[in-house]
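The structure under discussion appears below in the form of structure tokens.
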Protein chains: 4
Amino acid sequence: MLEWEQLLASVYSDVAPYIGEGKVANYIPALAKVDPEKFGMAIVTLDGSVHQIGDANESFSIQSVSKVFTLTLALGRVGESLWKRVGREPSGTPFNSIVQLESEHGIPRNPFINAGAIVVADTLLSGHQPKETLGEILSFVRYLADDDGILIDAEVARSEQHTGFRNAALANYMHAFGNIHNPVEKTLGVYYHQCALSMNCVQLAKAGLFLANNGRLANEGHHAISAERARRINALMLTCGHYDASGDFAFRVGLPGKSGVGGGILCIAPRKAAIAVWSPGLNANGNSAAGTRALEILAKRTGWSIFG
Amino acid sequence: MLEWEQLLASVYSDVAPYIGEGKVANYIPALAKVDPEKFGMAIVTLDGSVHQIGDANESFSIQSVSKVFTLTLALGRVGESLWKRVGREPSGTPFNSIVQLESEHGIPRNPFINAGAIVVADTLLSGHQPKETLGEILSFVRYLADDDGILIDAEVARSEQHTGFRNAALANYMHAFGNIHNPVEKTLGVYYHQCALSMNCVQLAKAGLFLANNGRLANEGHHAISAERARRINALMLTCGHYDASGDFAFRVGLPGKSGVGGGILCIAPRKAAIAVWSPGLNANGNSAAGTRALEILAKRTGWSIFG
Amino acid sequence: MLEWEQLLASVYSDVAPYIGEGKVANYIPALAKVDPEKFGMAIVTLDGSVHQIGDANESFSIQSVSKVFTLTLALGRVGESLWKRVGREPSGTPFNSIVQLESEHGIPRNPFINAGAIVVADTLLSGHQPKETLGEILSFVRYLADDDGILIDAEVARSEQHTGFRNAALANYMHAFGNIHNPVEKTLGVYYHQCALSMNCVQLAKAGLFLANNGRLANEGHHAISAERARRINALMLTCGHYDASGDFAFRVGLPGKSGVGGGILCIAPRKAAIAVWSPGLNANGNSAAGTRALEILAKRTGWSIFG
Amino acid sequence: MLEWEQLLASVYSDVAPYIGEGKVANYIPALAKVDPEKFGMAIVTLDGSVHQIGDANESFSIQSVSKVFTLTLALGRVGESLWKRVGREPSGTPFNSIVQLESEHGIPRNPFINAGAIVVADTLLSGHQPKETLGEILSFVRYLADDDGILIDAEVARSEQHTGFRNAALANYMHAFGNIHNPVEKTLGVYYHQCALSMNCVQLAKAGLFLANNGRLANEGHHAISAERARRINALMLTCGHYDASGDFAFRVGLPGKSGVGGGILCIAPRKAAIAVWSPGLNANGNSAAGTRALEILAKRTGWSIFG
């Protein structure tokens, strides 16, 4: 195990001067008050063994990283028919742009921009109450991470709801095109609560491991999803997981990843490991600045890039 | 060797019913007259051994696949400063869209859309005559493929020039923003001639092998470029290589690839092989229909997907 | 007075073959059930005398024509500072487009597209309850038309509210930019109710007369607004009153006008008369088909075009 | 006549403090070297009498004001069929935007944005050599102004051609959609030379008088065009004559007008007079700053606003 700890220590040491750079998200108080100097990282290898450094046991708001888990759930629920309601292409626009929806008739470009994730939440909600759906999402993430301590931060969810006019615009707009099937408030309720999932790096890496392990839980564990579906979700993370900086992340890191405005990134090294990193300062594209640097260093040092 | 031939035969047999589907590009006579029933495929493994099937020895117009080679050359010439003049993000728009250039001040989104490739050609031209630059491009491709039989089809280049009003619009538009440094006609002259490169599948796969082999020619050959640069070009091919269908190609095939309107696709399986496929019928996104299917089948059968 | 009746009769006779053309708005039942064969027209001259033909005494939903009255009220309330929150330029896009709001930071192009009228409603609401504001709007229109029989159709307002997802998107989106100051539901409540004003052609022409009469009520009546403000509102009606067909209306009719999806148009002949026309069938641009034709004929016959 | 001179003197006196504000166009040397303190104004009434002040006899480059004359010529040549190739709606975008052309398939929004005027020039060119067409344009303007001293400044035309990459982009782009019928260089040659028409305020006002006089030359002169066509051109000038500030010009001045980047504006008071103003400093929208102010003052003082 020593080598993993040395690896993490060397990444940490290289990235240390950059911890604190960028700007902490401040659109809701719960995020704004987070200490910008935090940094945690966890690697979970295919056998389930956990390696960590820094603040890897401290919970943070995973925000958009949750879109990976709800997409997985929704594909399990409705299968490939999901792609009638949401696309699979990079958007070429910021995460909360509404322009594309007008010319493309309310079909969001991919499930990782806000509009797409709202459609995914709407899919999960269908025929249920928000509470049930949120229970299902929470159970799924706990199951994946094998950790019942994972919670949804109700205060964060409430704050998002109070300030989420742009998301309300997206949801109403898609409803006008018939691409939201439930009452807008209910769909947004699910969406805001999923974004308020509170997890630490260890939990997040464990929860994402199935994507590195051909759809299976650690070792020869149960298939959470098929190997093909895992590959496809990884492909979507690579092309769309960092909004309008996805190309740059692929260029620099070379691994599928999904970032959140809380400063977390879940990164998948297929057939190798799942990595979670957290540092609240965001770069100009709204992704963790130090977190992206750490992943770039890690990928270089391990040779894990999927591109050669 | 037998297993490769069996593999190719099985792919060919599965894709056979689909050969001829789609529409052959018809904007210039030289492309329109190509037989839609053609299909060729070649795999070159890291040791340089060649495996092929169908019309893999018949030359076709590689068109936009050439953008991979000119990008490689331009990076060698000007290094990372190239990224001041062209972006690295998927465009979210068709290959010849001009809209993005207006809001982003003449900086094309990536080097694989037409606007981006025209900037790359302009970079290569700098301080030379078109003829010299074309000589350099041709020499580079011949060197990579180890084949002096590769030619530029002057008739195709001439036809493109006569009908290329949209590309002329892109070039003039970027010139207005100061992002074309040479006379528009000269830059477009280089661009049209590079697109008129005539190669067969075997030549194309051989020429692309360095991207699968950490930047090296076959075996332990010379480094055409550094391993890191090869990874980065692969990343760009994955996120941007199929225009506004790049997400779909990543989702279905799971390998970096670059398509051309002549029906060719160069596909890279990092640390495994380079694959070239050719079939002139194009799908709705302007990429080879049967070619994309063949690569999807191949990737599934070999497990070469980079996503797990 | 005979000549006016002859004029109206000749217009009616010329337009008769076209009554019924176009499509009746059907997004809410209350509008969909209107008889497409209806046609009414009223002219009120500066002295307040009324001339009418057809179904000019039958009430219809004035919809977006109401935007003229709320703009007038809002300018009276906040003066020229209104133009910090809404522009004065044609939009070049459909009435309910959201695209422009993204690039122009939540400032709608003009007060006659939906987004602009929602901002105007928000201005009127400021510091009041929707009921008070609606009372004020209703009183103002009754005062202008000198007719207390004018009502708001609550059923229409309710239907609009239930189907108004696109307007809800616009309002939420502008709220995200800080350009809606009241709770979205309240502002939209005012907006939907103002659109549900039910008036007939005679009432509408009388209510609009001040715009033809230098801001004064009939004859030497009270100044509802200053002459300069009346001119300016007329200018806005001309450049922006028919959404993305404003240029065509100016070209064909040559008078300021504001149309509504209920099939009504209020048209101003400065220093001559106010004209209201109603016919429910809409042309491709969403403006009354027969109504526009009637105004074109009327303008030609009277020589009222403001363009020579 | 005294009253006209007094009127002009009072306008001049009020606008004097603002002469020199704004920025002189500097994209070509011939425009950049113009003295920013210049100001001239001429009014020609229906009887042909001329009133002037300031530098009204000094020639300047009329630039886009020429679009009024070429539109008039083209309508005479091809009639209403012109509207198949160019629209009649405000664009909602700057004068040289290319975005709208992509979504609207190469049909420019109106004849007064650059793209539209290039189509108009292409219409005039059809079947002729540029020299003949330019001769025809020049003859027409001389005929309207009754002044053979009007010239085309070849140096200005040449400069425009050397720097006109954006116009070349527009022309090539429209050619790609089949909406330019002549070789791009020839069409642009006509366009650049028409923009290089050199006129003074007196000549310009005289040349525009037919638009104020129901299509007739001064007094009961020949009909240059029909009264209806004159009205329609005035309508287009009002809705589209000042690019993306047309709404503002209508709001402030209330008269049809067409501006040029050389600082000239031709303004029509229907059935009253034609006014030409020139002052080289441009406001943020690219229209003469002092010229617009002068017209605003003039319209207020004369009560010539067409809006009441």
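Convention: chains lettered A, B, ... in structure tokens order; per-chain residue numbering from 1; ligands numbered from 1 as shown.
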Worksheet item: Hey, what's within 12 Å of Asn26 in chain A if we count only C-alpha atoms and toss same-chain stuff fewer than 5 positions away? As a PyMOL selection string, please?
Response: chain A and resi 31-36+159-160+163+261-263+280-282+286
Output all heavy atoms for every residue in that selection, as a CSV table (one decimal), in the first residue's frame.
```
chain,number,residue,atom,x,y,z
A,31,LEU,N,-22.6,27.4,0.7
A,31,LEU,CA,-21.4,27.1,-0.1
A,31,LEU,C,-20.3,28.2,0.2
A,31,LEU,O,-19.1,28.0,0.2
A,31,LEU,CB,-21.7,27.1,-1.6
A,31,LEU,CG,-22.5,25.9,-2.1
A,31,LEU,CD1,-22.7,25.9,-3.6
A,31,LEU,CD2,-21.9,24.6,-1.7
A,32,ALA,N,-20.8,29.5,0.3
A,32,ALA,CA,-19.9,30.6,0.4
A,32,ALA,C,-19.0,30.5,1.7
A,32,ALA,O,-17.9,31.0,1.7
A,32,ALA,CB,-20.6,31.9,0.4
A,33,LYS,N,-19.5,29.8,2.7
A,33,LYS,CA,-18.8,29.9,4.0
A,33,LYS,C,-17.7,28.8,4.1
A,33,LYS,O,-17.0,28.7,5.1
A,33,LYS,CB,-19.8,29.7,5.1
A,33,LYS,CG,-20.4,28.4,5.3
A,33,LYS,CD,-21.5,28.4,6.4
A,33,LYS,CE,-22.1,27.0,6.5
A,33,LYS,NZ,-23.4,27.0,7.1
A,34,VAL,N,-17.6,27.9,3.0
A,34,VAL,CA,-16.6,26.9,3.1
A,34,VAL,C,-15.2,27.4,3.0
A,34,VAL,O,-14.9,28.4,2.3
A,34,VAL,CB,-16.8,25.9,1.9
A,34,VAL,CG1,-15.7,24.8,1.8
A,34,VAL,CG2,-18.2,25.2,2.0
A,35,ASP,N,-14.3,26.8,3.8
A,35,ASP,CA,-12.9,27.3,3.9
A,35,ASP,C,-12.2,27.0,2.5
A,35,ASP,O,-12.1,25.8,2.1
A,35,ASP,CB,-12.2,26.5,5.0
A,35,ASP,CG,-10.8,26.9,5.2
A,35,ASP,OD1,-10.2,27.6,4.3
A,35,ASP,OD2,-10.1,26.3,6.1
A,36,PRO,N,-11.7,28.0,1.8
A,36,PRO,CA,-11.1,27.8,0.5
A,36,PRO,C,-9.8,27.0,0.6
A,36,PRO,O,-9.3,26.6,-0.5
A,36,PRO,CB,-10.8,29.3,0.0
A,36,PRO,CG,-10.8,30.1,1.2
A,36,PRO,CD,-11.7,29.5,2.2
A,159,SER,N,-31.7,26.6,0.1
A,159,SER,CA,-31.1,27.8,-0.4
A,159,SER,C,-31.1,27.8,-1.9
A,159,SER,O,-31.4,28.8,-2.6
A,159,SER,CB,-29.6,27.9,0.1
A,159,SER,OG,-29.6,28.1,1.4
A,160,GLU,N,-30.8,26.7,-2.5
A,160,GLU,CA,-30.8,26.6,-4.0
A,160,GLU,C,-32.1,26.9,-4.5
A,160,GLU,O,-32.3,27.6,-5.5
A,160,GLU,CB,-30.4,25.1,-4.4
A,160,GLU,CG,-29.1,24.6,-3.8
A,160,GLU,CD,-28.0,24.6,-4.9
A,160,GLU,OE1,-28.1,25.3,-5.9
A,160,GLU,OE2,-27.0,24.0,-4.6
A,163,THR,N,-32.9,30.6,-4.7
A,163,THR,CA,-32.1,31.4,-5.6
A,163,THR,C,-32.1,30.9,-7.0
A,163,THR,O,-31.4,31.4,-7.9
A,163,THR,CB,-30.6,31.5,-5.1
A,163,THR,OG1,-30.1,30.2,-5.1
A,163,THR,CG2,-30.6,32.2,-3.7
A,261,VAL,N,-19.9,22.4,-8.4
A,261,VAL,CA,-19.6,23.8,-8.1
A,261,VAL,C,-19.2,23.9,-6.6
A,261,VAL,O,-18.6,24.9,-6.2
A,261,VAL,CB,-20.8,24.7,-8.4
A,261,VAL,CG1,-21.9,24.6,-7.3
A,261,VAL,CG2,-20.4,26.2,-8.5
A,262,GLY,N,-19.4,22.8,-5.9
A,262,GLY,CA,-18.9,22.7,-4.5
A,262,GLY,C,-17.4,22.5,-4.4
A,262,GLY,O,-16.8,22.4,-3.3
A,263,GLY,N,-16.8,22.3,-5.6
A,263,GLY,CA,-15.3,22.0,-5.6
A,263,GLY,C,-14.9,20.6,-5.7
A,263,GLY,O,-13.8,20.3,-5.7
A,280,PRO,N,-12.4,23.8,-2.7
A,280,PRO,CA,-13.5,24.6,-3.1
A,280,PRO,C,-13.3,25.8,-4.1
A,280,PRO,O,-14.2,26.3,-4.7
A,280,PRO,CB,-13.9,25.2,-1.7
A,280,PRO,CG,-13.3,24.4,-0.7
A,280,PRO,CD,-12.0,23.9,-1.3
A,281,GLY,N,-12.0,26.2,-4.2
A,281,GLY,CA,-11.7,27.3,-5.1
A,281,GLY,C,-12.0,26.9,-6.6
A,281,GLY,O,-11.4,25.9,-7.0
A,282,LEU,N,-12.7,27.7,-7.3
A,282,LEU,CA,-13.1,27.3,-8.7
A,282,LEU,C,-12.3,28.2,-9.7
A,282,LEU,O,-12.1,29.3,-9.5
A,282,LEU,CB,-14.6,27.6,-8.9
A,282,LEU,CG,-15.5,26.9,-7.9
A,282,LEU,CD1,-17.0,27.2,-8.2
A,282,LEU,CD2,-15.3,25.4,-7.9
A,286,GLY,N,-15.6,27.3,-13.6
A,286,GLY,CA,-16.4,26.8,-12.6
A,286,GLY,C,-16.1,25.4,-12.1
A,286,GLY,O,-16.9,24.8,-11.5
```
Worksheet entry | Backbone DSSP call of strand (DSSP E or B) for range 30-198 of chain C, listed as a ChimeraX atom specification | /C:40-45,50-54,60-61,151-152,197-198
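Here CA of Ile233 in chain A is placed at a distance of 11.3 Å from CA of Pro270 in chain A.
Residues surrounding range 127-137 of chain B within 7 Å are Thr70, Leu124, Leu125, Ser139, Phe140, Val141, Lys186, Gly189 and Val190 of chain B [only C-alpha atoms; sequence separation below 2 positions excluded].
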Worksheet entry | For CA of Val78 in chain A and CA of Asp122 in chain A, the interatomic separation in Å (one decimal) | 11.7 Å
Item to complete: Would you mind listing what lies within 8 Å of Arg271 in chain B as a list of chain:residue names, with only C-alpha atoms counted and same-chain residues fewer than 5 positions away left out?
Response: A:Gly308, B:Leu46, B:Ala212, B:Asn213, B:Asn214
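With distances restricted to only C-alpha atoms, D:Leu101 is the closest residue to chain B from D:Leu101, D:Ala224, D:Leu295, D:Ala250.
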What are the closest atom pairs, with distances in Å to one decimal, for all residues of chain B lying within 9 Å of chain A? Consider only C-alpha atoms, order rows by chain and residue number, and present the result as JSON lines.
```
{"residue": "B:Gly87", "atom": "CA", "partner": "A:Asp248", "partner_atom": "CA", "distance": 8.9}
{"residue": "B:Arg88", "atom": "CA", "partner": "A:Gly247", "partner_atom": "CA", "distance": 5.6}
{"residue": "B:Glu89", "atom": "CA", "partner": "A:Gly247", "partner_atom": "CA", "distance": 4.5}
{"residue": "B:Pro90", "atom": "CA", "partner": "A:Gly92", "partner_atom": "CA", "distance": 5.9}
{"residue": "B:Ser91", "atom": "CA", "partner": "A:Gly92", "partner_atom": "CA", "distance": 4.9}
{"residue": "B:Gly92", "atom": "CA", "partner": "A:Gly92", "partner_atom": "CA", "distance": 4.6}
{"residue": "B:Thr93", "atom": "CA", "partner": "A:Gly92", "partner_atom": "CA", "distance": 7.8}
{"residue": "B:Arg109", "atom": "CA", "partner": "A:Gly92", "partner_atom": "CA", "distance": 8.6}
{"residue": "B:Leu211", "atom": "CA", "partner": "A:Gly308", "partner_atom": "CA", "distance": 7.9}
{"residue": "B:Ala212", "atom": "CA", "partner": "A:Gly308", "partner_atom": "CA", "distance": 6.6}
{"residue": "B:Asn213", "atom": "CA", "partner": "A:Gly308", "partner_atom": "CA", "distance": 7.4}
{"residue": "B:Asn214", "atom": "CA", "partner": "A:Gly308", "partner_atom": "CA", "distance": 6.0}
{"residue": "B:Ala227", "atom": "CA", "partner": "A:Gly308", "partner_atom": "CA", "distance": 7.6}
{"residue": "B:Glu228", "atom": "CA", "partner": "A:Gly308", "partner_atom": "CA", "distance": 8.4}
{"residue": "B:Ala230", "atom": "CA", "partner": "A:Gly308", "partner_atom": "CA", "distance": 7.5}
{"residue": "B:Arg231", "atom": "CA", "partner": "A:Phe307", "partner_atom": "CA", "distance": 4.8}
{"residue": "B:Arg232", "atom": "CA", "partner": "A:Phe251", "partner_atom": "CA", "distance": 5.1}
{"residue": "B:Ile233", "atom": "CA", "partner": "A:Phe251", "partner_atom": "CA", "distance": 7.8}
{"residue": "B:Asn234", "atom": "CA", "partner": "A:Phe307", "partner_atom": "CA", "distance": 5.8}
{"residue": "B:Ala235", "atom": "CA", "partner": "A:Phe251", "partner_atom": "CA", "distance": 5.4}
{"residue": "B:Leu236", "atom": "CA", "partner": "A:Phe251", "partner_atom": "CA", "distance": 6.7}
{"residue": "B:Leu238", "atom": "CA", "partner": "A:Thr239", "partner_atom": "CA", "distance": 7.8}
{"residue": "B:Thr239", "atom": "CA", "partner": "A:Thr239", "partner_atom": "CA", "distance": 5.5}
{"residue": "B:Cys240", "atom": "CA", "partner": "A:Gly247", "partner_atom": "CA", "distance": 7.9}
{"residue": "B:Asp244", "atom": "CA", "partner": "A:Glu89", "partner_atom": "CA", "distance": 6.9}
{"residue": "B:Ala245", "atom": "CA", "partner": "A:Glu89", "partner_atom": "CA", "distance": 6.7}
{"residue": "B:Ser246", "atom": "CA", "partner": "A:Glu89", "partner_atom": "CA", "distance": 6.8}
{"residue": "B:Gly247", "atom": "CA", "partner": "A:Glu89", "partner_atom": "CA", "distance": 4.5}
{"residue": "B:Asp248", "atom": "CA", "partner": "A:Arg88", "partner_atom": "CA", "distance": 6.1}
{"residue": "B:Ala250", "atom": "CA", "partner": "A:Ala235", "partner_atom": "CA", "distance": 5.7}
{"residue": "B:Phe251", "atom": "CA", "partner": "A:Arg232", "partner_atom": "CA", "distance": 5.1}
{"residue": "B:Arg252", "atom": "CA", "partner": "A:Arg232", "partner_atom": "CA", "distance": 7.3}
{"residue": "B:Gly254", "atom": "CA", "partner": "A:Ala235", "partner_atom": "CA", "distance": 6.7}
{"residue": "B:Leu255", "atom": "CA", "partner": "A:Phe307", "partner_atom": "CA", "distance": 8.8}
{"residue": "B:Pro256", "atom": "CA", "partner": "A:Phe307", "partner_atom": "CA", "distance": 8.1}
{"residue": "B:Ile268", "atom": "CA", "partner": "A:Phe307", "partner_atom": "CA", "distance": 8.9}
{"residue": "B:Ala269", "atom": "CA", "partner": "A:Phe307", "partner_atom": "CA", "distance": 8.3}
{"residue": "B:Pro270", "atom": "CA", "partner": "A:Gly308", "partner_atom": "CA", "distance": 4.6}
{"residue": "B:Arg271", "atom": "CA", "partner": "A:Gly308", "partner_atom": "CA", "distance": 5.8}
{"residue": "B:Lys300", "atom": "CA", "partner": "A:Glu228", "partner_atom": "CA", "distance": 8.9}
{"residue": "B:Ser305", "atom": "CA", "partner": "A:Arg231", "partner_atom": "CA", "distance": 7.7}
{"residue": "B:Ile306", "atom": "CA", "partner": "A:Ile306", "partner_atom": "CA", "distance": 5.6}
{"residue": "B:Phe307", "atom": "CA", "partner": "A:Arg231", "partner_atom": "CA", "distance": 4.8}
{"residue": "B:Gly308", "atom": "CA", "partner": "A:Pro270", "partner_atom": "CA", "distance": 4.6}
```
Practice prompt. Taking the DSSP assignment computed from this structure's backbone, write out as number ranges by chain all residues of range 82-185 of chain A that belong to alpha helix (DSSP H).
Written response: A: 99-103, 114-125, 130-145, 154-163, 165-176, 184-185
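Atom pair CA of Ala299 in chain D / CA of Leu204 in chain D has a distance of 18.4 Å (rounded to one decimal).
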Worksheet item: Could you name the residues that touch Gly54 in chain C at 10 Å or less, counting only C-alpha atoms, but leaving out those on the same chain fewer than 2 positions away, as an MDAnalysis selection string?
Response: chainID C and resid 8:9 12 38:42 52 56:58 201 277:278
Go ahead and write the selection's residues with C-alpha atoms as a compact mmCIF listing (two decimals), in the first residue's frame.
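Printed below is again_5.txt as written:
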```
# COMPACT_ATOMS: atom_id res chain seq x y z
CA LEU C 8 -65.63 51.40 -43.77
CA ALA C 9 -68.08 49.67 -46.07
CA TYR C 12 -65.13 45.66 -45.43
CA LYS C 38 -65.73 37.35 -36.99
CA PHE C 39 -64.62 40.74 -38.25
CA GLY C 40 -65.12 44.14 -36.70
CA MET C 41 -63.58 47.55 -37.21
CA ALA C 42 -63.98 50.91 -35.53
CA GLN C 52 -67.82 51.17 -37.04
CA ALA C 56 -67.27 46.07 -33.69
CA ASN C 57 -69.39 45.78 -30.55
CA GLU C 58 -68.39 42.23 -29.72
CA CYS C 201 -63.35 47.44 -31.28
CA VAL C 277 -59.79 45.96 -35.99
CA TRP C 278 -60.57 42.43 -34.92
```
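Using only C-alpha atoms, the shortest contact distance between Lys23 in chain D and any of D:Arg301, D:Ser61, D:Ala284, D:Phe69 is found at D:Ala284.
Using only C-alpha atoms, the nearest neighbour of Leu73 in chain C within the list C:Ile98, C:Ile43, C:Cys195, C:Val120 is C:Val120.
The closest residue to Ser259 in chain D, picked from D:Tyr192, D:Phe112, D:Tyr18, D:Tyr173 and counting only C-alpha atoms, is D:Phe112.
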Worksheet item: Out of D:Asn167, D:Gln203, D:Ser103, D:Thr123, which residue has the shortest atom-to-atom distance to Leu151 in chain D when counting only C-alpha atoms?
Response: D:Gln203
Env of Glu185 in chain B: 10 Å cut, atoms = only C-alpha atoms, seq-sep filter 6 positions within chain, self excluded. Answer as a compact mmCIF listing (two decimals) with N, CA, C and O atoms, in the first residue's frame.
```txt
# COMPACT_ATOMS: atom_id res chain seq x y z
N PRO B 130 2.55 28.73 -50.75
CA PRO B 130 1.68 27.55 -50.62
C PRO B 130 2.36 26.27 -51.11
O PRO B 130 2.22 25.21 -50.48
N GLN B 161 -11.97 24.57 -54.46
CA GLN B 161 -11.73 26.01 -54.51
C GLN B 161 -12.87 26.71 -55.25
O GLN B 161 -13.28 27.80 -54.86
N ALA B 168 -14.46 30.26 -47.77
CA ALA B 168 -13.95 31.61 -48.05
C ALA B 168 -14.56 32.61 -47.08
O ALA B 168 -13.89 33.54 -46.62
N ALA B 171 -12.72 32.14 -43.73
CA ALA B 171 -11.36 32.68 -43.76
C ALA B 171 -11.38 34.21 -43.76
O ALA B 171 -10.63 34.86 -43.02
N ASN B 172 -12.23 34.80 -44.57
CA ASN B 172 -12.32 36.26 -44.59
C ASN B 172 -12.78 36.79 -43.24
O ASN B 172 -12.29 37.82 -42.76
N TYR B 191 -5.28 24.92 -47.62
CA TYR B 191 -6.34 24.14 -47.00
C TYR B 191 -7.01 23.18 -48.00
O TYR B 191 -7.21 22.00 -47.72
```
